[in-house]
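Quick look at entry27.txt (compact mmCIF, C-alpha atoms and all ligand atoms):
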```txt
# COMPACT_ATOMS: atom_id res chain seq x y z
CA MET A 1 -1.03 -29.63 10.44
CA PRO A 2 -4.72 -28.80 9.94
CA ARG A 3 -5.69 -26.87 6.85
CA ALA A 4 -6.18 -23.17 7.46
CA SER A 5 -9.79 -23.46 6.36
CA ASP A 6 -10.51 -25.97 9.15
CA ARG A 7 -9.51 -23.56 11.84
CA THR A 8 -11.67 -20.92 13.42
CA ARG A 9 -10.54 -17.46 14.41
CA GLU A 10 -10.96 -18.42 18.08
CA ALA A 11 -8.79 -21.49 17.64
CA ARG A 12 -6.05 -19.45 16.05
CA GLN A 13 -6.23 -16.78 18.71
CA SER A 14 -6.04 -19.27 21.54
CA GLU A 15 -3.04 -20.86 19.79
CA ARG A 16 -1.44 -17.45 19.94
CA GLY A 17 -2.08 -17.24 23.67
CA THR A 18 -4.58 -14.42 23.27
CA ILE A 19 -8.16 -13.91 24.34
CA ALA A 20 -10.73 -13.93 21.57
CA GLY A 21 -12.30 -10.68 22.72
CA MET A 22 -8.79 -9.26 22.70
CA THR A 23 -6.62 -8.09 25.55
CA PRO A 24 -2.92 -7.51 24.99
CA VAL A 25 -1.48 -10.75 26.33
CA ASP A 26 0.40 -11.61 23.17
CA ALA A 27 3.77 -13.20 23.82
CA ARG A 28 5.33 -12.30 20.47
CA PRO A 29 7.79 -9.39 20.16
CA ALA A 30 6.00 -6.07 20.33
CA GLY A 31 7.20 -4.81 16.94
CA PRO A 32 7.60 -1.17 15.96
CA THR A 33 6.89 1.21 18.84
CA SER A 34 7.69 4.79 17.86
CA ALA A 35 5.80 7.77 19.24
CA ALA A 36 3.72 7.68 16.06
CA ALA A 37 2.92 4.00 16.42
CA ARG A 38 2.02 4.59 20.08
CA GLY A 39 -0.51 7.35 19.38
CA PRO A 40 -4.31 7.05 19.76
CA ALA A 41 -4.43 4.54 16.89
CA HIS A 42 -2.00 2.18 18.59
CA ASP A 43 -4.63 -0.38 19.59
CA SER A 44 -6.60 -0.20 16.33
CA ALA A 45 -7.43 -3.47 14.59
CA PHE A 46 -5.26 -2.41 11.64
CA LEU A 47 -2.08 -1.78 13.63
CA ARG A 48 -2.68 -4.86 15.76
CA ALA A 49 -2.95 -7.02 12.63
CA CYS A 50 0.25 -5.44 11.24
CA ARG A 51 1.98 -6.38 14.51
CA ARG A 52 0.47 -9.90 14.30
CA GLU A 53 -1.52 -9.43 17.49
CA ALA A 54 -5.08 -10.63 18.14
CA VAL A 55 -7.77 -8.47 16.54
CA PRO A 56 -11.44 -7.79 17.37
CA HIS A 57 -12.22 -8.12 13.63
CA THR A 58 -10.16 -8.42 10.46
CA PRO A 59 -9.21 -4.86 9.51
CA VAL A 60 -9.90 -3.69 5.96
CA TRP A 61 -8.91 -0.74 3.78
CA PHE A 62 -8.58 -0.37 0.01
CA MET A 63 -5.62 0.69 -2.07
CA ARG A 64 -6.73 3.78 -4.02
CA GLN A 65 -9.75 4.18 -1.72
CA ALA A 66 -9.22 7.96 -1.78
CA GLY A 67 -10.26 9.40 -5.09
CA ARG A 68 -11.24 7.60 -8.23
CA ALA A 69 -14.57 5.93 -7.50
CA LEU A 70 -16.05 8.54 -5.17
CA PRO A 71 -18.42 11.20 -6.58
CA GLU A 72 -17.57 13.50 -3.66
CA TYR A 73 -13.90 13.20 -4.71
CA ARG A 74 -14.61 14.08 -8.33
CA LYS A 75 -16.57 17.13 -7.15
CA LEU A 76 -13.67 18.35 -4.99
CA ARG A 77 -11.19 17.80 -7.81
CA GLU A 78 -13.20 19.92 -10.30
CA GLY A 79 -10.89 22.70 -11.44
CA ASN A 80 -7.95 21.36 -9.39
CA GLU A 81 -5.06 19.69 -11.17
CA MET A 82 -3.96 16.45 -9.49
CA LEU A 83 -0.51 17.70 -8.41
CA ASP A 84 -1.96 21.02 -7.18
CA ALA A 85 -4.49 19.06 -5.11
CA CYS A 86 -1.65 17.00 -3.61
CA ALA A 87 0.08 20.23 -2.49
CA THR A 88 -3.04 21.73 -0.86
CA PRO A 89 -3.34 20.48 2.73
CA ASP A 90 -7.08 21.21 3.09
CA LEU A 91 -7.88 19.23 -0.07
CA VAL A 92 -5.54 16.38 0.90
CA THR A 93 -7.15 16.20 4.33
CA GLU A 94 -10.70 16.18 3.00
CA ILE A 95 -10.00 13.66 0.20
CA THR A 96 -8.21 11.32 2.62
CA LEU A 97 -11.15 11.44 5.04
CA GLN A 98 -13.87 10.84 2.43
CA PRO A 99 -13.48 7.05 2.16
CA VAL A 100 -13.11 6.69 5.93
CA ARG A 101 -16.48 8.38 6.41
CA ARG A 102 -18.22 6.57 3.59
CA TYR A 103 -16.90 3.04 4.08
CA GLY A 104 -15.87 2.91 7.74
CA VAL A 105 -12.53 1.38 6.71
CA ASP A 106 -9.99 0.59 9.43
CA ALA A 107 -7.27 2.87 8.06
CA ALA A 108 -6.88 6.01 5.99
CA ILE A 109 -4.32 6.20 3.18
CA PHE A 110 -2.74 9.59 2.71
CA PHE A 111 -3.92 11.24 -0.52
CA SER A 112 -0.89 11.95 -2.66
CA ASP A 113 0.91 10.22 -5.53
CA ILE A 114 4.16 8.33 -5.89
CA VAL A 115 5.59 11.06 -8.15
CA VAL A 116 4.96 13.91 -5.65
CA PRO A 117 8.45 13.65 -4.07
CA LEU A 118 10.07 13.69 -7.54
CA LYS A 119 8.16 16.84 -8.41
CA ALA A 120 9.18 18.29 -5.03
CA VAL A 121 12.90 17.90 -5.78
CA GLY A 122 12.43 19.61 -9.13
CA VAL A 123 11.76 16.89 -11.71
CA ASP A 124 9.63 18.36 -14.49
CA LEU A 125 6.60 16.06 -14.59
CA ASP A 126 2.83 16.17 -14.67
CA ILE A 127 -0.03 13.80 -13.96
CA VAL A 128 -2.08 13.72 -17.13
CA PRO A 129 -5.76 12.82 -16.64
CA GLY A 130 -6.53 9.40 -18.05
CA VAL A 131 -2.80 8.65 -18.56
CA GLY A 132 -0.85 9.02 -15.32
CA PRO A 133 2.56 10.53 -14.58
CA VAL A 134 4.41 11.94 -17.60
CA VAL A 135 8.06 13.07 -17.25
CA ALA A 136 9.21 15.90 -19.55
CA GLN A 137 12.81 14.70 -19.93
CA PRO A 138 13.17 10.96 -19.28
CA PHE A 139 16.25 9.74 -17.39
CA ARG A 140 18.97 8.73 -19.86
CA SER A 141 22.52 9.17 -18.54
CA ALA A 142 24.72 9.84 -15.51
CA ALA A 143 24.27 13.59 -16.06
CA ASP A 144 20.58 13.11 -15.19
CA LEU A 145 21.51 12.05 -11.64
CA ASP A 146 22.02 15.75 -10.90
CA ARG A 147 18.28 16.23 -11.42
CA LEU A 148 17.63 13.97 -8.42
CA PRO A 149 18.90 15.81 -5.33
CA ALA A 150 17.97 14.69 -1.82
CA LEU A 151 14.55 15.70 -0.51
CA THR A 152 14.30 17.73 2.70
CA PRO A 153 11.20 18.38 4.83
CA ALA A 154 11.36 22.01 3.63
CA ASP A 155 10.58 20.76 0.09
CA VAL A 156 7.23 19.36 1.22
CA PRO A 157 5.77 21.56 4.01
CA TYR A 158 2.28 20.78 2.68
CA ILE A 159 2.83 17.08 3.41
CA THR A 160 3.76 17.75 7.04
CA GLU A 161 0.76 20.07 7.45
CA ALA A 162 -1.71 17.65 5.85
CA VAL A 163 -0.48 14.65 7.87
CA ARG A 164 -0.71 16.64 11.12
CA ASN A 165 -4.25 17.80 10.29
CA LEU A 166 -5.25 14.27 9.41
CA VAL A 167 -3.83 12.64 12.50
CA ALA A 168 -5.77 15.15 14.61
CA GLU A 169 -8.99 14.51 12.66
CA LEU A 170 -8.64 10.74 12.52
CA GLY A 171 -8.17 10.10 16.25
CA SER A 172 -8.02 6.35 16.74
CA THR A 173 -8.13 5.55 12.99
CA PRO A 174 -4.58 5.01 11.74
CA LEU A 175 -3.14 6.99 8.84
CA ILE A 176 -0.99 5.05 6.36
CA GLY A 177 1.74 7.08 4.71
CA PHE A 178 3.13 5.84 1.41
CA ALA A 179 5.75 6.21 -1.27
CA GLY A 180 6.78 4.58 -4.51
CA ALA A 181 9.67 2.13 -4.27
CA PRO A 182 12.89 2.86 -6.18
CA PHE A 183 12.20 0.40 -9.04
CA THR A 184 8.69 1.66 -9.74
CA LEU A 185 9.80 5.31 -9.58
CA ALA A 186 12.72 4.49 -11.89
CA SER A 187 10.28 3.00 -14.37
CA TYR A 188 8.35 6.30 -14.68
CA LEU A 189 11.58 8.32 -14.88
CA VAL A 190 13.24 6.14 -17.51
CA GLU A 191 10.17 5.39 -19.62
CA GLY A 192 8.88 8.94 -19.30
CA GLY A 193 5.42 7.68 -18.37
CA PRO A 194 3.31 4.55 -17.82
CA SER A 195 4.74 1.45 -19.46
CA LYS A 196 3.61 -2.10 -20.04
CA ASN A 197 6.93 -3.87 -20.56
CA HIS A 198 9.37 -1.49 -18.84
CA ALA A 199 11.72 -2.10 -21.78
CA ALA A 200 13.83 1.08 -21.46
CA THR A 201 14.03 0.58 -17.70
CA LYS A 202 15.28 -2.98 -18.05
CA ALA A 203 17.67 -1.98 -20.84
CA LEU A 204 19.30 0.50 -18.44
CA MET A 205 19.24 -1.95 -15.53
CA TYR A 206 20.91 -4.78 -17.48
CA GLY A 207 22.98 -2.59 -19.80
CA ASP A 208 24.53 -0.19 -17.29
CA PRO A 209 24.24 -1.75 -13.82
CA ALA A 210 26.52 0.87 -12.24
CA LEU A 211 24.34 3.77 -13.42
CA TRP A 212 21.26 1.77 -12.43
CA GLN A 213 22.58 1.33 -8.89
CA SER A 214 23.32 5.07 -8.67
CA LEU A 215 19.81 5.89 -9.91
CA LEU A 216 18.16 3.56 -7.41
CA ASP A 217 20.37 4.89 -4.64
CA ARG A 218 19.20 8.46 -5.38
CA LEU A 219 15.58 7.34 -5.52
CA ALA A 220 15.88 5.40 -2.27
CA THR A 221 17.22 8.54 -0.56
CA ILE A 222 14.26 10.60 -1.84
CA THR A 223 11.70 7.91 -0.98
CA LEU A 224 13.03 7.40 2.51
CA ALA A 225 13.02 11.14 3.21
CA PHE A 226 9.43 11.38 1.91
CA LEU A 227 8.29 8.53 4.18
CA ARG A 228 10.16 10.01 7.16
CA VAL A 229 8.31 13.31 6.71
CA GLN A 230 5.01 11.44 6.92
CA VAL A 231 6.02 9.30 9.90
CA ASP A 232 7.56 12.23 11.77
CA ALA A 233 4.30 14.15 11.27
CA GLY A 234 2.32 11.25 12.77
CA ALA A 235 1.52 8.61 10.14
CA SER A 236 1.29 5.33 12.05
CA ALA A 237 2.22 2.89 9.27
CA VAL A 238 3.68 3.11 5.77
CA GLN A 239 3.17 1.27 2.51
CA LEU A 240 5.97 1.04 -0.02
CA PHE A 241 4.40 0.60 -3.46
CA ASP A 242 6.65 -1.36 -5.81
CA SER A 243 3.75 -1.71 -8.19
CA TRP A 244 5.69 -2.80 -11.29
CA VAL A 245 8.55 -4.86 -9.82
CA GLY A 246 6.71 -8.08 -10.70
CA ALA A 247 8.32 -7.60 -14.14
CA LEU A 248 11.59 -9.00 -12.70
CA PRO A 249 12.79 -12.52 -11.89
CA ALA A 250 13.73 -13.07 -8.25
CA ALA A 251 17.50 -13.28 -8.78
CA ASP A 252 17.59 -9.90 -10.52
CA TYR A 253 15.27 -8.43 -7.92
CA ARG A 254 17.65 -9.54 -5.17
CA GLU A 255 20.73 -8.15 -6.88
CA LEU A 256 19.49 -4.97 -8.53
CA VAL A 257 16.49 -3.75 -6.56
CA SER A 258 15.91 -5.20 -3.13
CA PRO A 259 18.96 -3.64 -1.35
CA HIS A 260 17.59 -0.19 -2.19
CA SER A 261 14.06 -1.01 -1.03
CA ALA A 262 15.59 -2.56 2.10
CA ARG A 263 17.42 0.68 2.88
CA VAL A 264 14.13 2.58 2.61
CA LEU A 265 12.26 0.11 4.82
CA ALA A 266 15.05 0.06 7.42
CA GLY A 267 14.72 3.82 7.75
CA VAL A 268 11.10 3.63 8.90
CA SER A 269 11.33 0.62 11.20
CA ASP A 270 9.62 2.61 13.96
CA VAL A 271 6.22 1.95 12.32
CA PRO A 272 4.72 -1.13 10.62
CA ARG A 273 5.83 -1.33 6.99
CA ILE A 274 3.69 -2.81 4.20
CA HIS A 275 5.52 -3.81 1.02
CA PHE A 276 3.34 -4.31 -2.05
CA GLY A 277 3.65 -5.03 -5.77
CA VAL A 278 1.51 -6.45 -8.58
CA GLY A 279 2.31 -9.83 -10.16
CA THR A 280 4.92 -10.43 -7.47
CA GLY A 281 4.05 -14.06 -6.67
CA GLU A 282 7.65 -15.09 -7.36
CA LEU A 283 9.05 -12.23 -5.25
CA LEU A 284 6.93 -12.50 -2.12
CA HIS A 285 9.64 -14.10 -0.01
CA ASP A 286 12.25 -11.54 -1.01
CA MET A 287 9.85 -8.63 -0.57
CA GLY A 288 9.27 -9.80 3.00
CA GLN A 289 13.00 -10.21 3.57
CA ALA A 290 13.58 -6.65 2.37
CA GLY A 291 12.27 -5.55 5.74
CA ALA A 292 8.49 -5.58 5.56
CA ASP A 293 6.23 -6.27 8.53
CA VAL A 294 3.32 -6.91 6.16
CA VAL A 295 3.60 -8.24 2.62
CA GLY A 296 0.92 -7.13 0.17
CA VAL A 297 -0.34 -9.89 -2.12
CA ASP A 298 -2.20 -9.41 -5.40
CA TRP A 299 -5.17 -11.59 -6.38
CA ARG A 300 -3.16 -14.16 -8.34
CA VAL A 301 -1.77 -16.05 -5.33
CA PRO A 302 -4.07 -17.50 -2.65
CA LEU A 303 -3.13 -16.05 0.74
CA SER A 304 -2.32 -19.45 2.23
CA ASP A 305 0.23 -20.00 -0.59
CA ALA A 306 1.56 -16.49 -0.09
CA VAL A 307 2.05 -17.21 3.62
CA ARG A 308 4.12 -20.30 2.77
CA ARG A 309 6.23 -18.35 0.28
CA ILE A 310 6.79 -15.42 2.63
CA GLY A 311 7.61 -17.53 5.69
CA PRO A 312 6.99 -16.82 9.38
CA GLY A 313 7.21 -13.52 11.19
CA ARG A 314 5.22 -11.42 8.75
CA ALA A 315 1.58 -10.44 8.29
CA VAL A 316 -0.12 -10.38 4.88
CA GLN A 317 -2.39 -7.89 3.17
CA GLY A 318 -4.89 -8.62 0.41
CA ASN A 319 -6.19 -9.91 -1.85
CA LEU A 320 -9.68 -9.72 -3.36
CA ASP A 321 -9.54 -9.23 -7.14
CA PRO A 322 -10.50 -5.55 -7.69
CA THR A 323 -12.78 -6.60 -10.56
CA LEU A 324 -14.77 -8.90 -8.30
CA VAL A 325 -16.76 -6.03 -6.84
CA PHE A 326 -18.48 -5.82 -10.24
CA ALA A 327 -19.90 -9.34 -9.70
CA PRO A 328 -23.29 -10.08 -8.08
CA ARG A 329 -23.44 -9.59 -4.32
CA GLU A 330 -23.64 -13.29 -3.48
CA VAL A 331 -20.44 -13.91 -5.47
CA VAL A 332 -18.72 -11.05 -3.64
CA ALA A 333 -19.86 -12.51 -0.31
CA ARG A 334 -18.48 -15.93 -1.24
CA LYS A 335 -15.13 -14.52 -2.37
CA VAL A 336 -14.78 -12.31 0.71
CA ARG A 337 -15.45 -15.35 2.84
CA GLU A 338 -12.85 -17.40 0.94
CA THR A 339 -10.32 -14.60 1.37
CA LEU A 340 -11.00 -14.42 5.12
CA ILE A 341 -10.54 -18.19 5.41
CA GLU A 342 -7.31 -18.03 3.43
CA GLY A 343 -6.15 -15.16 5.61
CA GLN A 344 -6.41 -17.37 8.69
CA ALA A 345 -3.23 -19.09 7.53
CA ALA A 346 -1.36 -15.86 8.30
CA GLU A 347 -0.07 -14.59 11.64
CA GLY A 348 -1.83 -11.33 10.82
CA HIS A 349 -4.23 -10.44 7.99
CA VAL A 350 -5.16 -7.00 6.72
CA PHE A 351 -7.99 -7.35 4.20
CA ASN A 352 -7.57 -5.35 1.00
CA LEU A 353 -8.05 -5.66 -2.73
CA GLY A 354 -5.24 -7.30 -4.71
CA HIS A 355 -4.57 -3.90 -6.35
CA GLY A 356 -6.21 -0.48 -6.39
CA VAL A 357 -9.92 0.32 -6.64
CA LEU A 358 -10.88 0.56 -10.31
CA PRO A 359 -12.25 3.97 -11.34
CA ASP A 360 -15.80 2.83 -12.23
CA THR A 361 -16.30 0.78 -9.07
CA ASP A 362 -19.66 1.31 -7.35
CA PRO A 363 -18.88 2.75 -3.89
CA ASP A 364 -21.77 0.72 -2.46
CA ALA A 365 -20.00 -2.48 -3.56
CA LEU A 366 -16.97 -1.46 -1.49
CA LEU A 367 -19.19 -0.61 1.46
CA HIS A 368 -20.66 -4.11 1.13
CA VAL A 369 -17.16 -5.61 1.26
CA VAL A 370 -16.34 -3.66 4.43
CA GLU A 371 -19.56 -4.90 6.07
CA LEU A 372 -18.78 -8.49 5.08
CA VAL A 373 -15.21 -8.32 6.36
CA HIS A 374 -16.28 -6.76 9.64
CA ALA A 375 -19.03 -9.36 10.13
CA GLY A 376 -16.32 -12.01 9.77
CA LEU A 377 -16.77 -15.73 9.27
CA GLU A 378 -19.44 -16.00 11.93
CA GLY A 379 -21.46 -13.06 10.57
CA PRO A 380 -24.74 -13.83 8.77
CA ALA A 381 -23.70 -11.44 5.98
CA ALA A 382 -20.82 -13.73 5.04
CA GLU A 383 -22.99 -16.79 4.35
CA GLY A 384 -22.71 -16.25 0.67
CA GLY A 385 -22.17 -19.71 -0.72
O1 LIG B 401 -4.68 5.04 -2.42
C1 LIG B 401 -5.21 6.17 -2.40
O2 LIG B 401 -6.42 6.27 -2.36
C2 LIG B 401 -4.32 7.40 -2.30
C3 LIG B 401 -4.05 7.98 -3.54
C4 LIG B 401 -3.00 7.47 -4.50
C5 LIG B 401 -2.00 6.48 -4.37
C6 LIG B 401 -1.72 5.55 -3.22
C7 LIG B 401 -2.87 8.05 -5.75
C8 LIG B 401 -3.72 9.12 -6.27
N1 LIG B 401 -1.78 7.49 -6.36
C9 LIG B 401 -1.25 6.52 -5.55
C10 LIG B 401 -0.06 5.70 -5.78
C11 LIG B 401 0.35 5.43 -7.16
N2 LIG B 401 0.44 6.30 -8.21
C12 LIG B 401 0.87 4.20 -7.60
C13 LIG B 401 1.04 3.01 -6.71
C14 LIG B 401 -0.27 2.35 -6.49
C15 LIG B 401 -0.74 1.45 -7.59
O3 LIG B 401 0.03 0.55 -7.97
O4 LIG B 401 -1.87 1.63 -8.02
C16 LIG B 401 1.20 4.30 -8.94
C17 LIG B 401 1.78 3.22 -9.83
C18 LIG B 401 0.93 5.63 -9.32
C19 LIG B 401 1.17 6.24 -10.64
C20 LIG B 401 -0.08 6.81 -11.17
N3 LIG B 401 -0.59 8.02 -10.76
C21 LIG B 401 -0.97 6.25 -12.10
C22 LIG B 401 -0.80 4.88 -12.77
C23 LIG B 401 -0.33 5.04 -14.18
C24 LIG B 401 0.17 3.71 -14.75
O5 LIG B 401 1.40 3.54 -14.85
O6 LIG B 401 -0.66 2.85 -15.10
C25 LIG B 401 -2.03 7.15 -12.28
C26 LIG B 401 -3.21 7.02 -13.18
C27 LIG B 401 -1.78 8.26 -11.41
C28 LIG B 401 -2.63 9.45 -11.19
C29 LIG B 401 -3.40 9.42 -9.93
N4 LIG B 401 -2.86 9.18 -8.66
C30 LIG B 401 -3.87 9.26 -7.73
C31 LIG B 401 -5.07 9.58 -8.42
C32 LIG B 401 -6.42 9.79 -7.76
C33 LIG B 401 -4.76 9.67 -9.79
C34 LIG B 401 -5.70 10.04 -10.93
C35 LIG B 401 -5.64 11.51 -11.11
C36 LIG B 401 -6.32 12.02 -12.33
O7 LIG B 401 -6.93 11.26 -13.07
O8 LIG B 401 -6.24 13.24 -12.55
```

Will you turn the file into structure tokens for me?
Amino acid sequence: MPRASDRTREARQSERGTIAGMTPVDARPAGPTSAAARGPAHDSAFLRACRREAVPHTPVWFMRQAGRALPEYRKLREGNEMLDACATPDLVTEITLQPVRRYGVDAAIFFSDIVVPLKAVGVDLDIVPGVGPVVAQPFRSAADLDRLPALTPADVPYITEAVRNLVAELGSTPLIGFAGAPFTLASYLVEGGPSKNHAATKALMYGDPALWQSLLDRLATITLAFLRVQVDAGASAVQLFDSWVGALPAADYRELVSPHSARVLAGVSDVPRIHFGVGTGELLHDMGQAGADVVGVDWRVPLSDAVRRIGPGRAVQGNLDPTLVFAPREVVARKVRETLIEGQAAEGHVFNLGHGVLPDTDPDALLHVVELVHAGLEGPAAEGG
């Protein structure tokens, strides 16, 4: 088999029985086809790549593109607490659109946070600037399960309203809904805030597996309901963020986590599902098997390796190191090119960073990345090294 780097985009597309300029003659199964997935964004490069169809260019968006690095975001947030902003549809709509306007990315990610659904069901928590989510009373015992009731659409009317507004504004640009996966949400609840080693979380998981399973079951129910609200309001894809699950070995992931994430993903099979975590090189196969259409890969594993680990039938997303955009432009161009070449090993490739945009990133550096990705391997802009 030829190395991925020896093959051109045209060669791969003709192997797939598709026309380079793209026309839907793909023989593979069509994939998710709900009303949402069939909306005006249906033929976008992003959704086509998620469905492993031929694309006019490699689609690109950035995790944490909304907020953080953008001066226009910081201005809008002045005087607005994070969680208040998340519950204000006009602000959510504007913040979600800002990176689409500035960068011309191929998808919008809904502006919210993984702890919003927990807050919506009544968990006392806050997002502390410079820290992250902080939970007033960390989860400790079976009695705490009562603090995690199911979420209904009536708990989050502002989400439905913001998604509807956005879908109308975005037209043919897809909106990605998202939620935190049960393990990552459990980590914030059990630790009470951000954690490096997830020691209390793992102590509960290994020490009281029955309570752990009940906790993850509750969280899966909340997460699925939160994603359903977004999809039912018109989001055309979802990303399940299991940011911290890379802390687990694969066997424990399979036994203690993945069935819950799989239940969430099965509940939104009418749209493409991206499943992402950090440091998850050893879990990539299982994360795909949990029911993802696209597996997100961080910067530690080359995409061609990731493709081998994940196996056939799935697209990949990633994986430029988020710190690389601080490097000189010619280095960025070379690394973008390498990532595009690596991505050719996949049946579908959505370009992204390997984790979220860092707060002090220069927006122009991200714009440069978008231009390079869109120019592709034949583009003069990509001749960086
Ligand atoms: O991607 C986007 O642009 C949309 C906005 C978004 C997303 C997808 C925010 C806004 N949060 C998230 C998801 C999120 N939140 C994740 C998963 C993604 C990832 O792995 O990066 C996680 C782990 C969180 C938890 C969280 N919320 C943190 C991390 C803390 C830690 O454990 O290290 C932080 C700092 C927040 C606050 C937050 N969320 C979003 C913004 C813009 C902010 C900063 C708000 C502020 O400073 O006031």

Would you please work out which residue, of A:Ala41, A:Ala251, A:Leu211, A:Leu358, is nearest to ligand LIG 401 (chain B) when using all atoms listed in the file?
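Comparing A:Ala41, A:Ala251, A:Leu211, A:Leu358 against ligand LIG 401 (chain B), the winner is A:Leu358.
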
Contact residues around range 186-200 of chain A with only C-alpha atoms at 6 Å, ignoring same-chain residues under 6 positions, as a VMD selection string:
chain A and resid 133 to 135 138 to 139

Taking only C-alpha atoms and all ligand atoms into account, produce a table as CSV in which each residue of chain A with an atom at most 8 Å from an atom of ligand LIG 401 (chain B) appears once, together with its shortest atom pair and the distance in Å to one decimal, ordered by chain and rising number.
```
residue,atom,partner,partner_atom,distance
A:Phe62,CA,B:LIG401,O1,7.1
A:Met63,CA,B:LIG401,O1,4.5
A:Arg64,CA,B:LIG401,O1,2.9
A:Gln65,CA,B:LIG401,O2,4.0
A:Ala66,CA,B:LIG401,O2,3.3
A:Gly67,CA,B:LIG401,C32,4.7
A:Arg68,CA,B:LIG401,C32,5.3
A:Glu81,CA,B:LIG401,O8,6.7
A:Met82,CA,B:LIG401,O8,5.0
A:Thr96,CA,B:LIG401,O2,7.3
A:Ile109,CA,B:LIG401,C2,5.6
A:Phe110,CA,B:LIG401,C2,5.7
A:Phe111,CA,B:LIG401,C2,4.3
A:Ser112,CA,B:LIG401,C3,5.1
A:Asp113,CA,B:LIG401,N1,3.9
A:Ile114,CA,B:LIG401,N2,4.8
A:Val115,CA,B:LIG401,C19,7.0
A:Ile127,CA,B:LIG401,C28,5.8
A:Val128,CA,B:LIG401,O8,6.2
A:Pro129,CA,B:LIG401,O7,4.1
A:Gly130,CA,B:LIG401,O7,5.3
A:Val131,CA,B:LIG401,C26,5.6
A:Gly132,CA,B:LIG401,C25,3.8
A:Pro133,CA,B:LIG401,N3,5.6
A:Phe178,CA,B:LIG401,C6,6.7
A:Ala179,CA,B:LIG401,C10,7.4
A:Gly180,CA,B:LIG401,C13,6.3
A:Thr184,CA,B:LIG401,C17,7.1
A:Tyr188,CA,B:LIG401,O5,7.5
A:Gly193,CA,B:LIG401,O5,6.8
A:Pro194,CA,B:LIG401,O5,3.7
A:Ser195,CA,B:LIG401,O5,6.1
A:Lys196,CA,B:LIG401,O5,8.0
A:Phe241,CA,B:LIG401,C13,5.3
A:Asp242,CA,B:LIG401,C13,7.2
A:Ser243,CA,B:LIG401,O3,4.4
A:Trp244,CA,B:LIG401,C17,7.3
A:Gly277,CA,B:LIG401,O3,7.0
A:Val278,CA,B:LIG401,O3,7.2
A:His355,CA,B:LIG401,O4,6.4
A:Gly356,CA,B:LIG401,O4,5.1
```

Same residues, C-alpha atoms, output as a PDB file, in the frame of the given file:
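The result, stored in selection-v1.pdb:
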```pdb
ATOM      1  CA  PHE A  62      -8.580  -0.370   0.010  1.00  0.00           C
ATOM      2  CA  MET A  63      -5.620   0.690  -2.070  1.00  0.00           C
ATOM      3  CA  ARG A  64      -6.730   3.780  -4.020  1.00  0.00           C
ATOM      4  CA  GLN A  65      -9.750   4.180  -1.720  1.00  0.00           C
ATOM      5  CA  ALA A  66      -9.220   7.960  -1.780  1.00  0.00           C
ATOM      6  CA  GLY A  67     -10.260   9.400  -5.090  1.00  0.00           C
ATOM      7  CA  ARG A  68     -11.240   7.600  -8.230  1.00  0.00           C
ATOM      8  CA  GLU A  81      -5.060  19.690 -11.170  1.00  0.00           C
ATOM      9  CA  MET A  82      -3.960  16.450  -9.490  1.00  0.00           C
ATOM     10  CA  THR A  96      -8.210  11.320   2.620  1.00  0.00           C
ATOM     11  CA  ILE A 109      -4.320   6.200   3.180  1.00  0.00           C
ATOM     12  CA  PHE A 110      -2.740   9.590   2.710  1.00  0.00           C
ATOM     13  CA  PHE A 111      -3.920  11.240  -0.520  1.00  0.00           C
ATOM     14  CA  SER A 112      -0.890  11.950  -2.660  1.00  0.00           C
ATOM     15  CA  ASP A 113       0.910  10.220  -5.530  1.00  0.00           C
ATOM     16  CA  ILE A 114       4.160   8.330  -5.890  1.00  0.00           C
ATOM     17  CA  VAL A 115       5.590  11.060  -8.150  1.00  0.00           C
ATOM     18  CA  ILE A 127      -0.030  13.800 -13.960  1.00  0.00           C
ATOM     19  CA  VAL A 128      -2.080  13.720 -17.130  1.00  0.00           C
ATOM     20  CA  PRO A 129      -5.760  12.820 -16.640  1.00  0.00           C
ATOM     21  CA  GLY A 130      -6.530   9.400 -18.050  1.00  0.00           C
ATOM     22  CA  VAL A 131      -2.800   8.650 -18.560  1.00  0.00           C
ATOM     23  CA  GLY A 132      -0.850   9.020 -15.320  1.00  0.00           C
ATOM     24  CA  PRO A 133       2.560  10.530 -14.580  1.00  0.00           C
ATOM     25  CA  PHE A 178       3.130   5.840   1.410  1.00  0.00           C
ATOM     26  CA  ALA A 179       5.750   6.210  -1.270  1.00  0.00           C
ATOM     27  CA  GLY A 180       6.780   4.580  -4.510  1.00  0.00           C
ATOM     28  CA  THR A 184       8.690   1.660  -9.740  1.00  0.00           C
ATOM     29  CA  TYR A 188       8.350   6.300 -14.680  1.00  0.00           C
ATOM     30  CA  GLY A 193       5.420   7.680 -18.370  1.00  0.00           C
ATOM     31  CA  PRO A 194       3.310   4.550 -17.820  1.00  0.00           C
ATOM     32  CA  SER A 195       4.740   1.450 -19.460  1.00  0.00           C
ATOM     33  CA  LYS A 196       3.610  -2.100 -20.040  1.00  0.00           C
ATOM     34  CA  PHE A 241       4.400   0.600  -3.460  1.00  0.00           C
ATOM     35  CA  ASP A 242       6.650  -1.360  -5.810  1.00  0.00           C
ATOM     36  CA  SER A 243       3.750  -1.710  -8.190  1.00  0.00           C
ATOM     37  CA  TRP A 244       5.690  -2.800 -11.290  1.00  0.00           C
ATOM     38  CA  GLY A 277       3.650  -5.030  -5.770  1.00  0.00           C
ATOM     39  CA  VAL A 278       1.510  -6.450  -8.580  1.00  0.00           C
ATOM     40  CA  HIS A 355      -4.570  -3.900  -6.350  1.00  0.00           C
ATOM     41  CA  GLY A 356      -6.210  -0.480  -6.390  1.00  0.00           C
TER      42      GLY A 356
END
```
